[in-house]
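So this one's query.cif, mmCIF, C-alpha atoms (C1' of nucleotides):
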```
data_query
loop_
_atom_site.label_atom_id
_atom_site.label_comp_id
_atom_site.auth_asym_id
_atom_site.auth_seq_id
_atom_site.Cartn_x
_atom_site.Cartn_y
_atom_site.Cartn_z
CA MET Q 25 -7.89 2.33 2.17
CA ASP Q 26 -7.19 1.12 5.64
CA ILE Q 27 -9.44 -1.10 7.69
CA GLN Q 28 -10.79 1.75 9.83
CA SER Q 29 -12.05 3.64 6.79
CA VAL Q 30 -13.72 0.54 5.41
CA LEU Q 31 -15.57 -0.04 8.66
CA LEU Q 32 -16.65 3.60 8.68
CA GLY Q 33 -17.84 3.14 5.11
CA PHE Q 34 -20.23 0.38 6.14
CA LEU Q 35 -21.36 2.31 9.20
CA MET Q 36 -22.32 5.23 6.92
CA ARG Q 37 -25.39 3.23 5.89
CA SER Q 38 -26.40 1.76 9.22
CA SER Q 39 -25.19 1.00 12.72
CA MET Q 40 -23.78 -2.47 13.20
CA THR Q 41 -21.92 -4.83 15.48
CA GLY Q 42 -18.42 -6.12 14.75
CA TYR Q 43 -19.98 -9.40 13.81
CA ASP Q 44 -22.30 -7.75 11.29
CA LEU Q 45 -19.41 -5.80 9.84
CA LYS Q 46 -17.46 -8.97 9.21
CA LYS Q 47 -20.43 -10.43 7.35
CA ALA Q 48 -21.05 -7.29 5.32
CA PHE Q 49 -17.40 -7.19 4.39
CA SER Q 50 -17.16 -10.87 3.49
CA ILE Q 51 -20.13 -10.64 1.17
CA SER Q 52 -19.07 -7.44 -0.54
CA PHE Q 53 -15.32 -7.88 -0.73
CA ALA Q 54 -14.94 -11.65 -0.84
CA PHE Q 55 -13.49 -11.36 -4.33
CA PHE Q 56 -10.73 -8.87 -3.70
CA SER Q 57 -9.98 -8.90 -0.01
CA GLY Q 58 -10.57 -10.44 3.42
CA LEU Q 59 -10.91 -9.42 7.04
CA SER Q 60 -10.81 -11.31 10.34
CA TYR Q 61 -12.20 -10.56 13.79
CA GLY Q 62 -8.64 -10.24 15.01
CA SER Q 63 -8.41 -7.00 13.07
CA ILE Q 64 -12.02 -5.80 13.24
CA TYR Q 65 -12.48 -5.66 17.01
CA PRO Q 66 -9.23 -3.79 17.69
CA ALA Q 67 -10.06 -1.40 14.85
CA LEU Q 68 -13.47 -0.66 16.36
CA LYS Q 69 -11.81 0.05 19.69
CA ARG Q 70 -9.45 2.50 18.01
CA LEU Q 71 -12.34 4.17 16.17
CA GLU Q 72 -14.16 4.58 19.46
CA ASN Q 73 -11.09 6.07 21.17
CA GLN Q 74 -10.80 8.54 18.32
CA GLY Q 75 -14.44 9.54 18.67
CA LEU Q 76 -15.30 8.43 15.15
CA VAL Q 77 -17.93 5.95 16.35
CA THR Q 78 -20.05 5.52 19.47
CA LYS Q 79 -21.04 2.24 21.08
CA GLN Q 80 -24.38 1.13 22.50
CA VAL Q 81 -24.39 -2.10 24.47
CA GLU Q 82 -27.38 -4.37 24.17
CA ILE Q 83 -27.45 -6.81 27.07
CA GLN Q 84 -28.01 -10.40 26.03
CA ASP Q 85 -28.45 -13.55 28.00
CA GLY Q 86 -26.80 -16.51 26.34
CA ALA Q 87 -24.45 -14.79 23.92
CA PRO Q 88 -21.98 -12.00 24.68
CA ASN Q 89 -23.62 -8.58 24.82
CA ARG Q 90 -24.09 -7.04 21.38
CA LYS Q 91 -22.12 -3.85 20.88
CA ILE Q 92 -23.71 -1.73 18.25
CA TYR Q 93 -21.44 0.85 16.70
CA THR Q 94 -22.76 4.10 15.24
CA ILE Q 95 -20.74 6.54 13.18
CA THR Q 96 -20.39 10.09 14.54
CA GLU Q 97 -20.24 13.39 12.62
CA ALA Q 98 -16.46 13.35 13.03
CA GLY Q 99 -16.50 9.79 11.71
CA ARG Q 100 -18.42 10.81 8.60
CA LYS Q 101 -15.99 13.61 7.95
CA ALA Q 102 -12.99 11.32 8.40
CA PHE Q 103 -14.51 8.75 6.07
CA LEU Q 104 -15.23 11.25 3.30
CA LYS Q 105 -11.73 12.63 3.63
CA SER Q 106 -10.14 9.20 3.29
CA LEU Q 107 -12.42 8.45 0.32
CA ARG Q 108 -11.02 11.46 -1.52
CA SER Q 109 -7.40 11.01 -0.42
CA PRO Q 110 -4.83 9.84 -2.98
CA LEU Q 111 -4.58 6.11 -3.51
CA PRO Q 112 -1.30 4.52 -2.41
CA PRO Q 113 0.88 3.38 -5.33
CA MET Q 114 -0.31 -0.08 -6.21
CA GLN Q 115 1.88 -3.12 -6.69
CA PRO Q 116 0.09 -5.89 -8.50
CA LYS Q 117 1.68 -8.78 -6.56
CA ASN Q 118 1.47 -11.96 -8.51
CA ALA Q 119 2.71 -15.29 -7.19
CA PHE Q 120 2.38 -16.92 -10.58
CA LEU Q 121 4.75 -14.44 -12.22
CA MET Q 122 7.38 -15.31 -9.62
CA ARG Q 123 7.13 -18.92 -10.73
CA LEU Q 124 7.18 -18.09 -14.40
CA PHE Q 125 10.32 -16.05 -13.87
CA PHE Q 126 12.19 -19.20 -12.85
CA PHE Q 127 10.56 -21.60 -15.31
CA SER Q 128 13.86 -22.30 -17.07
CA HIS Q 129 14.71 -24.56 -14.12
CA LEU Q 130 11.63 -26.69 -14.69
CA ALA Q 131 10.96 -29.51 -17.15
CA PRO Q 132 8.54 -28.51 -19.94
CA LYS Q 133 5.74 -30.73 -18.64
CA ASP Q 134 6.11 -29.25 -15.16
CA ARG Q 135 5.91 -25.76 -16.59
CA LYS Q 136 2.71 -26.59 -18.37
CA SER Q 137 1.31 -28.28 -15.30
CA VAL Q 138 1.94 -25.29 -13.02
CA ALA Q 139 0.54 -22.81 -15.54
CA MET Q 140 -2.55 -24.88 -16.32
CA LYS Q 141 -3.36 -25.39 -12.67
CA HIS Q 142 -3.16 -21.66 -12.13
CA LEU Q 143 -5.39 -20.97 -15.10
CA TRP Q 144 -7.87 -23.46 -13.68
CA THR Q 145 -8.05 -21.72 -10.30
CA VAL Q 146 -8.60 -18.38 -12.02
CA LYS Q 147 -11.42 -19.90 -14.05
CA GLN Q 148 -12.89 -21.25 -10.83
CA MET Q 149 -12.89 -17.76 -9.36
CA GLN Q 150 -14.51 -16.49 -12.50
CA ALA Q 151 -17.29 -19.07 -12.30
CA GLN Q 152 -17.81 -18.30 -8.65
CA LEU Q 153 -18.06 -14.58 -9.25
CA GLU Q 154 -20.48 -15.11 -12.11
CA SER Q 155 -22.67 -17.28 -9.88
CA VAL Q 156 -23.07 -14.42 -7.43
CA GLN Q 157 -24.48 -12.12 -10.11
CA PRO Q 158 -28.16 -12.38 -9.11
CA ALA Q 159 -27.42 -11.59 -5.45
CA VAL Q 160 -25.29 -8.62 -6.45
CA ALA Q 161 -27.86 -7.30 -8.89
CA ALA Q 162 -30.48 -7.47 -6.15
CA HIS Q 163 -28.57 -5.66 -3.41
CA ALA Q 164 -25.77 -3.58 -4.88
CA ASP Q 165 -26.04 0.10 -5.68
CA ARG Q 166 -24.83 1.50 -8.99
CA PHE Q 167 -21.19 1.75 -7.92
CA GLN Q 168 -21.11 -1.56 -6.19
CA TYR Q 169 -22.37 -3.11 -9.37
CA LEU Q 170 -19.58 -1.34 -11.22
CA CYS Q 171 -17.17 -3.08 -8.82
CA PHE Q 172 -18.70 -6.40 -9.70
CA GLU Q 173 -18.42 -5.78 -13.41
CA PHE Q 174 -14.84 -4.63 -12.97
CA GLY Q 175 -14.14 -7.94 -11.27
CA LEU Q 176 -15.68 -9.93 -14.10
CA ARG Q 177 -13.67 -8.10 -16.72
CA PHE Q 178 -10.53 -8.38 -14.63
CA LEU Q 179 -10.81 -12.17 -14.40
CA ASN Q 180 -11.72 -12.42 -18.06
CA ASP Q 181 -8.62 -10.46 -19.02
CA LEU Q 182 -6.50 -12.54 -16.67
CA VAL Q 183 -7.71 -15.76 -18.28
CA ARG Q 184 -6.85 -14.40 -21.73
CA ASN Q 185 -3.45 -13.22 -20.53
CA LEU Q 186 -2.58 -16.54 -18.91
CA SER Q 187 -3.79 -18.44 -21.97
CA GLN Q 188 -1.33 -16.48 -24.06
CA VAL Q 189 1.47 -17.40 -21.68
CA ILE Q 190 0.49 -21.05 -21.95
CA ASP Q 191 0.38 -20.85 -25.74
CA ALA Q 192 3.88 -19.38 -25.73
CA LEU Q 193 4.98 -22.22 -23.46
CA GLU Q 194 3.81 -24.76 -26.05
CA GLU Q 195 5.41 -22.95 -28.94
CA GLY Q 196 8.77 -23.21 -27.20
CA PRO Q 197 11.74 -24.87 -28.89
CA PRO Q 198 10.96 -28.59 -29.08
CA GLU Q 199 13.02 -30.30 -26.40
CA THR Q 200 14.64 -33.58 -27.28
CA GLU Q 201 12.30 -36.40 -26.36
CA PRO Q 202 13.70 -39.66 -24.99
CA MET L 13 6.47 -18.16 -3.31
CA ASP L 14 8.14 -17.04 -0.12
CA ILE L 15 11.24 -14.91 0.11
CA GLN L 16 13.56 -17.83 0.81
CA SER L 17 12.57 -19.61 -2.39
CA VAL L 18 13.05 -16.45 -4.42
CA LEU L 19 16.56 -15.99 -3.06
CA LEU L 20 17.33 -19.64 -3.84
CA GLY L 21 16.00 -19.02 -7.34
CA PHE L 22 18.54 -16.30 -7.97
CA LEU L 23 21.33 -18.35 -6.38
CA MET L 24 20.57 -21.19 -8.85
CA ARG L 25 22.33 -19.14 -11.53
CA SER L 26 25.27 -17.80 -9.53
CA SER L 27 26.55 -17.17 -6.03
CA MET L 28 25.84 -13.72 -4.66
CA THR L 29 25.91 -11.44 -1.65
CA GLY L 30 22.76 -10.14 0.05
CA TYR L 31 23.45 -6.83 -1.58
CA ASP L 32 23.60 -8.39 -5.05
CA LEU L 33 20.40 -10.28 -4.37
CA LYS L 34 18.56 -7.09 -3.53
CA LYS L 35 19.70 -5.55 -6.80
CA ALA L 36 18.80 -8.61 -8.84
CA PHE L 37 15.41 -8.68 -7.25
CA SER L 38 14.71 -4.97 -7.67
CA ILE L 39 15.52 -5.09 -11.36
CA SER L 40 13.53 -8.23 -12.10
CA PHE L 41 10.55 -7.81 -9.85
CA ALA L 42 10.21 -4.05 -9.57
CA PHE L 43 6.88 -4.23 -11.34
CA PHE L 44 5.12 -6.76 -9.18
CA SER L 45 6.87 -6.85 -5.84
CA GLY L 46 9.52 -5.42 -3.52
CA LEU L 47 12.11 -6.55 -1.00
CA SER L 48 14.21 -4.80 1.63
CA TYR L 49 17.47 -5.67 3.38
CA GLY L 50 15.49 -6.04 6.57
CA SER L 51 14.00 -9.21 5.14
CA ILE L 52 16.85 -10.41 2.93
CA TYR L 53 19.60 -10.72 5.54
CA PRO L 54 17.48 -12.61 8.07
CA ALA L 55 16.26 -14.88 5.27
CA LEU L 56 19.85 -15.67 4.24
CA LYS L 57 20.68 -16.52 7.84
CA ARG L 58 17.70 -18.90 7.96
CA LEU L 59 18.73 -20.50 4.67
CA GLU L 60 22.23 -21.05 6.03
CA ASN L 61 20.91 -22.60 9.25
CA GLN L 62 18.81 -24.95 7.16
CA GLY L 63 21.81 -25.97 5.08
CA LEU L 64 20.28 -24.70 1.86
CA VAL L 65 23.13 -22.27 1.20
CA THR L 66 26.77 -21.97 2.28
CA LYS L 67 28.62 -18.75 3.00
CA GLN L 68 32.15 -17.68 2.02
CA VAL L 69 33.47 -14.54 3.63
CA GLU L 70 35.66 -12.26 1.55
CA ILE L 71 37.61 -9.95 3.81
CA GLN L 72 37.49 -6.33 2.75
CA ASP L 73 39.18 -3.26 4.08
CA GLY L 74 36.91 -0.24 3.92
CA ALA L 75 33.53 -1.83 3.52
CA PRO L 76 32.01 -4.65 5.60
CA ASN L 77 33.25 -8.09 4.56
CA ARG L 78 31.38 -9.48 1.56
CA LYS L 79 29.48 -12.64 2.34
CA ILE L 80 28.97 -14.67 -0.77
CA TYR L 81 26.18 -17.20 -0.60
CA THR L 82 26.21 -20.37 -2.66
CA ILE L 83 23.28 -22.72 -3.05
CA THR L 84 23.79 -26.34 -1.89
CA GLU L 85 22.39 -29.54 -3.38
CA ALA L 86 19.72 -29.52 -0.68
CA GLY L 87 18.98 -25.92 -1.62
CA ARG L 88 18.49 -26.83 -5.28
CA LYS L 89 16.15 -29.60 -4.32
CA ALA L 90 14.16 -27.33 -2.01
CA PHE L 91 13.92 -24.68 -4.70
CA LEU L 92 12.67 -27.06 -7.38
CA LYS L 93 10.15 -28.48 -4.95
CA SER L 94 8.76 -25.04 -4.12
CA LEU L 95 8.69 -24.18 -7.82
CA ARG L 96 6.40 -27.13 -8.48
CA SER L 97 4.28 -26.76 -5.33
CA PRO L 98 0.68 -25.54 -5.66
CA LEU L 99 0.20 -21.79 -5.80
CA PRO L 100 -1.62 -20.27 -2.82
CA PRO L 101 -5.14 -19.07 -3.67
CA MET L 102 -4.73 -15.55 -5.00
CA GLN L 103 -6.66 -12.53 -3.90
CA PRO L 104 -6.39 -9.64 -6.32
CA LYS L 105 -6.36 -6.89 -3.70
CA ASN L 106 -7.40 -3.62 -5.21
CA ALA L 107 -7.48 -0.36 -3.29
CA PHE L 108 -9.36 1.40 -6.06
CA LEU L 109 -12.25 -1.07 -5.93
CA MET L 110 -12.64 -0.33 -2.23
CA ARG L 111 -13.11 3.30 -3.11
CA LEU L 112 -15.46 2.61 -5.96
CA PHE L 113 -17.58 0.50 -3.64
CA PHE L 114 -18.34 3.58 -1.55
CA PHE L 115 -18.63 6.08 -4.40
CA SER L 116 -22.28 6.78 -3.65
CA HIS L 117 -21.07 8.94 -0.75
CA LEU L 118 -19.02 11.13 -3.05
CA ALA L 119 -20.01 14.05 -5.28
CA PRO L 120 -19.90 13.20 -9.02
CA LYS L 121 -16.89 15.40 -9.66
CA ASP L 122 -14.98 13.81 -6.79
CA ARG L 123 -15.77 10.37 -8.16
CA LYS L 124 -14.40 11.29 -11.53
CA SER L 125 -11.35 12.90 -9.97
CA VAL L 126 -10.45 9.83 -7.89
CA ALA L 127 -10.97 7.48 -10.82
CA MET L 128 -9.04 9.60 -13.31
CA LYS L 129 -6.10 9.99 -10.96
CA HIS L 130 -5.96 6.25 -10.55
CA LEU L 131 -6.10 5.70 -14.29
CA TRP L 132 -3.27 8.15 -14.66
CA THR L 133 -1.00 6.30 -12.21
CA VAL L 134 -1.69 3.03 -14.00
CA LYS L 135 -0.77 4.67 -17.30
CA GLN L 136 2.44 5.91 -15.68
CA MET L 137 3.32 2.36 -14.66
CA GLN L 138 2.57 1.24 -18.17
CA ALA L 139 4.90 3.85 -19.67
CA GLN L 140 7.58 2.94 -17.19
CA LEU L 141 7.36 -0.76 -17.96
CA GLU L 142 7.46 -0.09 -21.68
CA SER L 143 10.58 2.02 -21.24
CA VAL L 144 12.40 -0.92 -19.69
CA GLN L 145 11.76 -3.11 -22.72
CA PRO L 146 15.27 -2.86 -24.29
CA ALA L 147 16.99 -3.77 -21.02
CA VAL L 148 14.66 -6.72 -20.54
CA ALA L 149 15.10 -7.92 -24.12
CA ALA L 150 18.86 -7.82 -23.64
CA HIS L 151 19.08 -9.76 -20.38
CA ALA L 152 15.95 -11.83 -19.80
CA ASP L 153 15.60 -15.46 -20.75
CA ARG L 154 12.54 -16.76 -22.60
CA PHE L 155 10.40 -17.09 -19.50
CA GLN L 156 11.47 -13.84 -17.98
CA TYR L 157 10.46 -12.15 -21.19
CA LEU L 158 7.11 -13.89 -20.93
CA CYS L 159 6.77 -12.28 -17.49
CA PHE L 160 7.46 -8.90 -19.00
CA GLU L 161 4.89 -9.38 -21.74
CA PHE L 162 2.37 -10.59 -19.19
CA GLY L 163 2.94 -7.36 -17.29
CA LEU L 164 2.39 -5.24 -20.40
CA ARG L 165 -0.85 -6.99 -21.24
CA PHE L 166 -1.95 -6.83 -17.62
CA LEU L 167 -1.56 -3.06 -17.48
CA ASN L 168 -3.14 -2.64 -20.88
CA ASP L 169 -6.18 -4.61 -19.76
CA LEU L 170 -6.32 -2.65 -16.53
CA VAL L 171 -6.37 0.63 -18.42
CA ARG L 172 -9.22 -0.60 -20.61
CA ASN L 173 -11.11 -1.87 -17.59
CA LEU L 174 -10.74 1.37 -15.66
CA SER L 175 -11.70 3.39 -18.71
CA GLN L 176 -14.94 1.48 -18.87
CA VAL L 177 -15.62 2.28 -15.23
CA ILE L 178 -14.98 5.95 -15.92
CA ASP L 179 -17.29 5.88 -18.92
CA ALA L 180 -20.02 4.36 -16.78
CA LEU L 181 -19.42 7.10 -14.22
CA GLU L 182 -20.11 9.74 -16.86
CA GLU L 183 -23.19 7.99 -18.15
CA GLY L 184 -24.69 8.11 -14.67
CA PRO L 185 -28.08 9.72 -14.04
CA PRO L 186 -27.60 13.47 -14.47
CA GLU L 187 -27.48 14.95 -10.99
CA THR L 188 -29.35 18.19 -10.45
CA GLU L 189 -26.98 21.08 -11.04
CA PRO L 190 -27.20 24.18 -8.85
"C1'" DT E 30 -26.54 -35.01 18.32
"C1'" DC E 31 -24.01 -32.34 15.45
"C1'" DG E 32 -23.03 -28.34 12.98
"C1'" DA E 33 -24.25 -23.67 12.03
"C1'" DT E 34 -25.17 -19.11 13.63
"C1'" DC E 35 -24.79 -15.65 16.92
"C1'" DA E 36 -21.19 -12.80 19.42
"C1'" DT E 37 -17.11 -11.19 21.76
"C1'" DG E 38 -12.36 -10.79 22.49
"C1'" DT E 39 -7.02 -11.78 23.37
"C1'" DA E 40 -2.39 -13.83 22.50
"C1'" DA E 41 0.91 -15.66 19.64
"C1'" DT E 42 2.81 -15.51 15.40
"C1'" DT E 43 3.86 -14.06 10.70
"C1'" DG E 44 6.05 -11.43 7.44
"C1'" DG E 45 7.24 -7.86 6.36
"C1'" DT E 46 8.91 -2.29 6.35
"C1'" DT E 47 11.52 1.79 7.99
"C1'" DA E 48 14.88 3.79 10.48
"C1'" DC E 49 19.18 3.49 12.59
"C1'" DA E 50 24.27 2.55 12.70
"C1'" DT E 51 28.76 2.47 10.13
"C1'" DG E 52 32.12 3.90 6.75
"C1'" DA E 53 35.30 3.74 2.59
"C1'" DT E 54 35.55 4.67 -2.49
"C1'" DT E 55 34.42 6.61 -6.87
"C1'" DG E 56 32.60 9.82 -10.22
"C1'" DC E 57 30.64 14.39 -11.27
"C1'" DG Z 6 32.30 18.87 -1.91
"C1'" DC Z 7 28.40 15.94 -2.56
"C1'" DA Z 8 25.87 12.10 -4.12
"C1'" DA Z 9 25.91 7.46 -5.31
"C1'" DT Z 10 27.57 2.85 -4.80
"C1'" DC Z 11 29.28 -0.73 -2.14
"C1'" DA Z 12 28.09 -3.67 2.06
"C1'" DT Z 13 26.43 -5.38 6.38
"C1'" DG Z 14 23.20 -5.85 10.01
"C1'" DT Z 15 19.76 -4.83 14.05
"C1'" DA Z 16 15.76 -2.78 16.47
"C1'" DA Z 17 11.45 -0.83 16.47
"C1'" DC Z 18 7.34 -1.00 14.48
"C1'" DC Z 19 3.10 -2.32 11.80
"C1'" DA Z 20 -0.82 -4.69 10.00
"C1'" DA Z 21 -2.62 -8.57 9.73
"C1'" DT Z 22 -3.70 -13.75 10.40
"C1'" DT Z 23 -4.55 -17.91 13.18
"C1'" DA Z 24 -5.51 -20.10 17.09
"C1'" DC Z 25 -7.46 -19.99 21.46
"C1'" DA Z 26 -11.31 -19.21 24.86
"C1'" DT Z 27 -16.40 -19.15 25.86
"C1'" DG Z 28 -21.12 -20.51 25.39
"C1'" DA Z 29 -26.26 -20.37 24.16
"C1'" DT Z 30 -29.77 -21.54 20.67
"C1'" DC Z 31 -31.85 -23.62 16.66
"C1'" DG Z 32 -32.63 -26.54 12.78
"C1'" DA Z 33 -31.74 -30.98 10.23
#
```
As a first step, turn the structure in this file into structure tokens.
Amino acid sequence: MDIQSVLLGFLMRSSMTGYDLKKAFSISFAFFSGLSYGSIYPALKRLENQGLVTKQVEIQDGAPNRKIYTITEAGRKAFLKSLRSPLPPMQPKNAFLMRLFFFSHLAPKDRKSVAMKHLWTVKQMQAQLESVQPAVAAHADRFQYLCFEFGLRFLNDLVRNLSQVIDALEEGPPETEP
Amino acid sequence: MDIQSVLLGFLMRSSMTGYDLKKAFSISFAFFSGLSYGSIYPALKRLENQGLVTKQVEIQDGAPNRKIYTITEAGRKAFLKSLRSPLPPMQPKNAFLMRLFFFSHLAPKDRKSVAMKHLWTVKQMQAQLESVQPAVAAHADRFQYLCFEFGLRFLNDLVRNLSQVIDALEEGPPETEP
DNA sequence: TCGATCATGTAATTGGTTACATGATTGC
DNA sequence: GCAATCATGTAACCAATTACATGATCGA
């Protein structure tokens, strides 16, 4: 799902500014993605050119004028179409696996160190996601909560998987000690 | 791990051409990444400029001259350094979760359809990875085999996780039928 | 008084992909 | 005769990030 469709998805519920959209996105997708203004504002411009959203300008004094974007009928149609369209083939990129692939070039203690550090960061993510549970439970709809639970299970599985790798690392042929 | 380090990683074992490197990479990393000539050749040029590899040209008649790249001492050092360097914070991007997040806008049967199709593609990947097992067992070193096993478990877990999402989809409040 | 929040946007840069351009050899 | 393999490289393009630019208001 491209950025334009995501923005349309949020605008399905209510009209918003680019700034609001960034916040909504950060809260909801913090775990599995990210978005910056440098991509949001141009995307909104494109959506407007394509007639998928309309813009109302609210004049402000101190700050820049707020530009509130509202989804159009065409926008709703486009969003629903993209929501049903086939998912692109996924490639689970994994920086840690790249390292592991070349571990033969590393001393045993370095291998363990790299792997353990990675496991630790994953556990950090896990803790962080768990800590958000009350907020999610309060605001998410049924499907958004399913996303959250998917994330929890995903990280749980990842921790188990990495732990097995680390175990296998330990079991390795005992290297000659000095 | 950036592209340059990966190329150095392969060159640690033996000298190769850009063409060979692409093949080596495709075989080893097909599951979790991809690389094209459009990034390999420029990367080799950068590595050469930085003195991390040297180039020997083998004159050929029909085809373009083969350019065999060999890693230097500086290259080995750089590779080992990058292998031990901290992993960048990972973000498990997931196109399916984006969809799921907005599922409330979809009819129940469309939800199930999208989710089932995704599950099917993941199962395809799983089957494909399993089919490569003999080749991997024959050529991979200990750590490369660990990568392979990680991949198998990863896909297995993903299938379980998605199945649970699909189950929850079915359990949903019965919508009024026409 | 300092940082956060509100609010917009552009320019430079990154890190890739896809398509284009070339052309001989080998196996089916 | 046609597809695949060998072998290099560039140019156009794409989607995104980061840094830059601006500036008021409000709470600790």
Explicit residues for the PyMOL selection byres ((chain Q) within 6 of (chain L)) (as a tab-separated table (two decimals) with C-alpha atoms, in the coordinates of the input):
```tsv
chain	number	residue	atom	x	y	z
Q	56	PHE	CA	-10.73	-8.87	-3.70
Q	57	SER	CA	-9.98	-8.90	-0.01
Q	115	GLN	CA	1.88	-3.12	-6.69
Q	116	PRO	CA	0.09	-5.89	-8.50
Q	117	LYS	CA	1.68	-8.78	-6.56
Q	125	PHE	CA	10.32	-16.05	-13.87
Q	167	PHE	CA	-21.19	1.75	-7.92
Q	168	GLN	CA	-21.11	-1.56	-6.19
```
* List, as JSON, numbers by chain, every residue that the PyMOL selection byres ((chain L) within 9 of (chain Z)) selects in the file provided. => {"L": [29, 30, 31, 49, 50, 53, 75, 76, 77, 78, 79]}
* To do: Please evaluate the PyMOL selection byres ((chain E) within 10 of (chain L)) against the displayed coordinates and give the resulting residues as a list in words.
  =>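 Applied to this file, the PyMOL selection byres ((chain E) within 10 of (chain L)) returns DG44, DG45, DT46, DT47, DT51, DG52, DA53 and DT54 of chain E.
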* How many Å lie between atom CA of Q:Glu154 and atom CA of L:Ser175, rounded to one decimal? ->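 Those two atoms sit 21.5 Å apart.
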* Asked: Expressed in Å to a single decimal, how great is the separation between atom CA of L:Glu85 and atom CA of L:Ile71?
  ->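 Computing it gives 25.8 Å between the two atoms.
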* In Å, with one decimal, what is the gap from atom CA of L:Arg58 to atom CA of L:Gln16? ->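 Value for the atom CA of L:Arg58-atom CA of L:Gln16 distance: 8.3 Å.
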* To do: May I have the residues within 7 Å of Q:Ile92 as JSON, numbers by chain, using all atoms listed in the file and disregarding those fewer than 2 positions away in the same chain?
  => {"Q": [39, 40, 41, 79, 80, 81, 90, 94]}
Output file for the residues above (C-alpha atoms, as an mmCIF file, keeping the file's coordinate frame):
```
data_model
loop_
_atom_site.group_PDB
_atom_site.id
_atom_site.type_symbol
_atom_site.label_atom_id
_atom_site.label_comp_id
_atom_site.auth_asym_id
_atom_site.auth_seq_id
_atom_site.Cartn_x
_atom_site.Cartn_y
_atom_site.Cartn_z
ATOM 1 C CA SER Q 39 -25.190 1.000 12.720
ATOM 2 C CA MET Q 40 -23.780 -2.470 13.200
ATOM 3 C CA THR Q 41 -21.920 -4.830 15.480
ATOM 4 C CA LYS Q 79 -21.040 2.240 21.080
ATOM 5 C CA GLN Q 80 -24.380 1.130 22.500
ATOM 6 C CA VAL Q 81 -24.390 -2.100 24.470
ATOM 7 C CA ARG Q 90 -24.090 -7.040 21.380
ATOM 8 C CA THR Q 94 -22.760 4.100 15.240
#
```
Might I get the box with edges along x, y and z of the file that holds all atoms of stretch 30-47 of chain E listed there, padded by 4 Å on every side, given as centre and edge lengths in Å to one decimal, as lines of an AutoDock Vina configuration file?
```
center_x = -7.5
center_y = -16.6
center_z = 14.9
size_x = 46.1
size_y = 44.8
size_z = 25.0
```
